[in-house]
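Chemist: Sharing start.cif below, mmCIF, C-alpha atoms:
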data_target
#
loop_
_atom_site.group_PDB
_atom_site.id
_atom_site.type_symbol
_atom_site.label_atom_id
_atom_site.label_comp_id
_atom_site.auth_asym_id
_atom_site.auth_seq_id
_atom_site.Cartn_x
_atom_site.Cartn_y
_atom_site.Cartn_z
ATOM 1 C CA MET C 1 -7.372 7.039 -10.030
ATOM 2 C CA LYS C 2 -5.657 5.365 -12.954
ATOM 3 C CA TYR C 3 -1.977 5.976 -13.501
ATOM 4 C CA THR C 4 0.057 5.673 -16.686
ATOM 5 C CA THR C 5 2.660 2.967 -17.155
ATOM 6 C CA LYS C 6 5.401 5.584 -16.730
ATOM 7 C CA GLN C 7 3.935 6.712 -13.419
ATOM 8 C CA ILE C 8 3.643 3.105 -12.200
ATOM 9 C CA ALA C 9 7.248 2.457 -13.274
ATOM 10 C CA LYS C 10 8.377 5.510 -11.280
ATOM 11 C CA LEU C 11 6.512 4.296 -8.188
ATOM 12 C CA LYS C 12 8.038 0.815 -8.563
ATOM 13 C CA SER C 13 11.534 2.295 -8.786
ATOM 14 C CA LEU C 14 10.936 4.440 -5.692
ATOM 15 C CA ALA C 15 9.610 1.415 -3.777
ATOM 16 C CA HIS C 16 12.467 -0.885 -4.786
ATOM 17 C CA HIS C 17 14.676 -0.016 -1.796
ATOM 18 C CA LEU C 18 11.833 0.027 0.755
ATOM 19 C CA LYS C 19 11.428 -2.699 3.357
ATOM 20 C CA PRO C 20 7.935 -3.945 4.281
ATOM 21 C CA VAL C 21 6.511 -1.696 6.989
ATOM 22 C CA PHE C 22 3.447 -3.749 7.944
ATOM 23 C CA GLN C 23 2.621 -7.443 8.024
ATOM 24 C CA ILE C 24 -0.792 -8.914 7.403
ATOM 25 C CA GLY C 25 -1.112 -12.059 9.515
ATOM 26 C CA LYS C 26 -3.739 -14.631 10.367
ATOM 27 C CA GLU C 27 -6.150 -11.926 11.493
ATOM 28 C CA GLY C 28 -6.241 -10.517 7.952
ATOM 29 C CA PHE C 29 -7.623 -7.038 7.533
ATOM 30 C CA HIS C 30 -8.957 -5.539 10.721
ATOM 31 C CA GLU C 31 -9.847 -2.000 11.709
ATOM 32 C CA GLU C 32 -6.607 -1.223 13.492
ATOM 33 C CA LEU C 33 -4.451 -2.410 10.576
ATOM 34 C CA ILE C 34 -6.517 -0.441 8.083
ATOM 35 C CA ARG C 35 -6.279 2.714 10.211
ATOM 36 C CA ASP C 36 -2.496 2.272 10.553
ATOM 37 C CA LEU C 37 -2.079 1.714 6.799
ATOM 38 C CA LEU C 38 -3.951 4.919 6.002
ATOM 39 C CA ASN C 39 -2.036 6.917 8.624
ATOM 40 C CA TYR C 40 1.283 5.699 7.225
ATOM 41 C CA LEU C 41 0.261 6.405 3.628
ATOM 42 C CA ASN C 42 -0.882 9.917 4.582
ATOM 43 C CA LYS C 43 2.647 10.642 5.821
ATOM 44 C CA HIS C 44 4.749 8.712 3.293
ATOM 45 C CA GLU C 45 2.499 7.976 0.254
ATOM 46 C CA LEU C 46 4.383 4.777 -0.692
ATOM 47 C CA MET C 47 4.880 1.580 1.296
ATOM 48 C CA LYS C 48 5.460 -2.149 1.162
ATOM 49 C CA VAL C 49 3.274 -4.616 3.040
ATOM 50 C CA SER C 50 4.179 -8.228 3.669
ATOM 51 C CA VAL C 51 1.463 -10.906 3.689
ATOM 52 C CA LEU C 52 2.441 -13.755 6.003
ATOM 53 C CA GLN C 53 1.986 -17.371 4.907
ATOM 54 C CA ASN C 54 -0.478 -18.147 7.703
ATOM 55 C CA CYS C 55 -2.797 -15.402 6.430
ATOM 56 C CA ASP C 56 -6.017 -16.317 4.641
ATOM 57 C CA PHE C 57 -5.522 -13.297 2.421
ATOM 58 C CA ASP C 58 -8.305 -12.602 -0.042
ATOM 59 C CA MET C 59 -6.802 -10.405 -2.764
ATOM 60 C CA ASP C 60 -10.222 -9.489 -4.192
ATOM 61 C CA GLU C 61 -11.372 -8.291 -0.762
ATOM 62 C CA ALA C 62 -8.155 -6.304 -0.349
ATOM 63 C CA LEU C 63 -8.477 -4.709 -3.783
ATOM 64 C CA GLU C 64 -12.055 -3.671 -3.017
ATOM 65 C CA TYR C 65 -10.930 -2.016 0.201
ATOM 66 C CA PHE C 66 -7.927 -0.360 -1.479
ATOM 67 C CA ASP C 67 -10.194 0.990 -4.219
ATOM 68 C CA TYR C 68 -12.652 2.346 -1.657
ATOM 69 C CA ALA C 69 -9.869 4.012 0.357
ATOM 70 C CA GLY C 70 -8.179 5.514 -2.720
ATOM 71 C CA ILE C 71 -5.122 3.265 -2.375
ATOM 72 C CA THR C 72 -3.427 2.044 -5.536
ATOM 73 C CA LEU C 73 -1.859 -1.397 -5.658
ATOM 74 C CA VAL C 74 1.322 -0.573 -7.567
ATOM 75 C CA GLN C 75 2.850 -4.028 -7.561
ATOM 76 C CA LYS C 76 2.441 -7.504 -6.095
ATOM 77 C CA ILE C 77 5.606 -9.584 -5.820
ATOM 78 C CA GLY C 78 4.938 -12.946 -4.232
ATOM 79 C CA ARG C 79 3.508 -12.095 -0.833
ATOM 80 C CA THR C 80 4.653 -8.462 -0.837
ATOM 81 C CA LEU C 81 2.393 -5.588 -1.889
ATOM 82 C CA VAL C 82 3.491 -2.112 -2.905
ATOM 83 C CA LEU C 83 0.822 0.472 -2.076
ATOM 84 C CA TYR C 84 0.518 4.145 -3.040
ATOM 85 C CA LYS C 85 -1.903 6.854 -1.993
ATOM 86 C CA HIS C 86 -1.462 10.506 -2.882
ATOM 87 C CA SER C 87 -1.408 12.750 0.166
ATOM 88 C CA ASP C 88 -1.134 16.503 0.563
ATOM 89 C CA GLU C 89 0.121 15.933 4.118
ATOM 90 C CA ALA C 90 3.266 14.040 3.059
ATOM 91 C CA LYS C 91 6.605 15.531 4.098
ATOM 92 C CA ASP C 92 8.141 14.978 0.661
ATOM 93 C CA PRO C 93 5.280 14.367 -1.808
ATOM 94 C CA ILE C 94 5.943 12.175 -4.826
ATOM 95 C CA LYS C 95 5.545 14.087 -8.070
ATOM 96 C CA LEU C 96 4.049 11.944 -10.812
#
Rewrite the structure of this file - the entire thing - as structure tokens.
Modeler:
Amino acid sequence: MKYTTKQIAKLKSLAHHLKPVFQIGKEGFHEELIRDLLNYLNKHELMKVSVLQNCDFDMDEALEYFDYAGITLVQKIGRTLVLYKHSDEAKDPIKL
């Protein structure tokens, strides 16, 4: 789903105070990490992920997966990603 610039700005402001919850390391994307990312996003909708320097991180591969899973890459700052996925199961859903 495509979001407007105002919606993206709101998500960025909400994510500003968040600390990275997950780290992507030398193993890159693997099933367990992907499952954990989706579980976290189903509960919280918005998160930061840190990509470690020793990671052979392929951003195109990640974006393909995010697209497939319905995850929106809100922002990329250096090696930190801000991810959003709408969820009806969230405790306090974000209203865009």
Chemist: Identify which of the residues C:Lys91, C:Ile77, C:Lys85, C:Ile34 lies closest to His16 in chain C, counting only C-alpha atoms when measuring atom-to-atom distances.
Modeler: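 That would be C:Ile77, the residue with the smallest distance to His16 in chain C.
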Chemist: Carefully work through the PyMOL selection byres ((chain C and resi 80) around 7) for this structure and note down the residues it includes, as a PyMOL selection string.
Modeler: chain C and resi 48-51+76-79+81-82
Chemist: Report the distance between CA of Ala15 in chain C and CA of Leu83 in chain C in Å, rounded to one decimal place.
Modeler: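 Between CA of Ala15 in chain C and CA of Leu83 in chain C the gap is 9.0 Å.
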Chemist: Given the PyMOL selection byres ((chain C and resi 96) around 9) and the file above, list the residues it selects as a ChimeraX atom specification.
Modeler: /C:3,6-8,10-11,94-95
Chemist: Return as an mmCIF file with C-alpha atoms, in the frame of the given file the set of residues that the PyMOL selection byres ((chain C and resi 41-43) around 7) yields on the displayed structure.
Modeler:
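Output (part21.cif):
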data_model
loop_
_atom_site.group_PDB
_atom_site.id
_atom_site.type_symbol
_atom_site.label_atom_id
_atom_site.label_comp_id
_atom_site.auth_asym_id
_atom_site.auth_seq_id
_atom_site.Cartn_x
_atom_site.Cartn_y
_atom_site.Cartn_z
ATOM 1 C CA LEU C 37 -2.079 1.714 6.799
ATOM 2 C CA LEU C 38 -3.951 4.919 6.002
ATOM 3 C CA ASN C 39 -2.036 6.917 8.624
ATOM 4 C CA TYR C 40 1.283 5.699 7.225
ATOM 5 C CA HIS C 44 4.749 8.712 3.293
ATOM 6 C CA GLU C 45 2.499 7.976 0.254
ATOM 7 C CA LEU C 46 4.383 4.777 -0.692
ATOM 8 C CA LYS C 85 -1.903 6.854 -1.993
ATOM 9 C CA SER C 87 -1.408 12.750 0.166
ATOM 10 C CA GLU C 89 0.121 15.933 4.118
ATOM 11 C CA ALA C 90 3.266 14.040 3.059
ATOM 12 C CA LYS C 91 6.605 15.531 4.098
#
Chemist: With distances taken over all atoms listed in the file, which residue among C:Val74, C:Ala69, C:Leu14, C:Met47 lies nearest Arg35 in chain C?
Modeler: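 Between C:Val74, C:Ala69, C:Leu14, C:Met47, the residue approaching Arg35 in chain C most closely is C:Ala69.
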Chemist: So the first atom is CA of Gly28 in chain C and the second is CA of Lys2 in chain C; what is the distance between them in Å, to one decimal place?
Modeler: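 Atom-to-atom, CA of Gly28 in chain C to CA of Lys2 in chain C, that is 26.3 Å.
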Chemist: Pop range 3-57 of chain C out of the structure in the block and write C-alpha atoms as a CSV table (one decimal), in the first residue's frame.
Modeler:
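Output (result.csv):
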chain,number,residue,atom,x,y,z
C,3,TYR,CA,1.0,6.2,1.8
C,4,THR,CA,0.9,9.9,1.4
C,5,THR,CA,3.8,12.1,2.5
C,6,LYS,CA,1.8,13.3,5.5
C,7,GLN,CA,1.2,9.7,6.6
C,8,ILE,CA,4.9,8.9,6.2
C,9,ALA,CA,5.8,12.0,8.2
C,10,LYS,CA,3.5,10.9,11.0
C,11,LEU,CA,5.1,7.5,11.0
C,12,LYS,CA,8.6,9.0,11.1
C,13,SER,CA,7.6,11.2,14.0
C,14,LEU,CA,6.2,8.3,16.0
C,15,ALA,CA,9.3,6.2,15.3
C,16,HIS,CA,11.7,9.0,16.3
C,17,HIS,CA,11.9,7.9,20.0
C,18,LEU,CA,12.0,4.2,19.3
C,19,LYS,CA,15.1,2.1,19.9
C,20,PRO,CA,16.0,-0.7,17.4
C,21,VAL,CA,14.2,-3.8,18.5
C,22,PHE,CA,16.0,-6.3,16.2
C,23,GLN,CA,19.4,-6.6,14.6
C,24,ILE,CA,20.2,-8.1,11.3
C,25,GLY,CA,23.7,-9.7,11.5
C,26,LYS,CA,26.0,-11.8,9.3
C,27,GLU,CA,23.2,-14.4,8.8
C,28,GLY,CA,21.1,-11.8,7.0
C,29,PHE,CA,17.4,-12.6,6.6
C,30,HIS,CA,16.5,-16.1,7.8
C,31,GLU,CA,13.2,-17.7,8.6
C,32,GLU,CA,13.3,-17.1,12.3
C,33,LEU,CA,14.1,-13.4,12.0
C,34,ILE,CA,11.4,-12.9,9.4
C,35,ARG,CA,8.8,-14.7,11.7
C,36,ASP,CA,9.9,-12.6,14.7
C,37,LEU,CA,9.7,-9.3,12.6
C,38,LEU,CA,6.1,-10.1,11.5
C,39,ASN,CA,5.0,-11.2,15.0
C,40,TYR,CA,6.4,-7.9,16.5
C,41,LEU,CA,4.8,-5.8,13.7
C,42,ASN,CA,1.4,-7.6,14.3
C,43,LYS,CA,1.5,-6.4,17.9
C,44,HIS,CA,3.1,-2.9,17.6
C,45,GLU,CA,2.8,-1.9,13.9
C,46,LEU,CA,6.0,0.3,13.9
C,47,MET,CA,9.6,-0.7,14.7
C,48,LYS,CA,13.2,0.1,14.1
C,49,VAL,CA,15.7,-2.5,12.9
C,50,SER,CA,19.5,-2.2,13.1
C,51,VAL,CA,21.6,-3.6,10.3
C,52,LEU,CA,25.0,-4.6,11.7
C,53,GLN,CA,28.2,-3.7,9.8
C,54,ASN,CA,29.2,-7.4,9.4
C,55,CYS,CA,26.0,-8.1,7.5
C,56,ASP,CA,26.0,-8.6,3.8
C,57,PHE,CA,22.6,-6.8,3.6
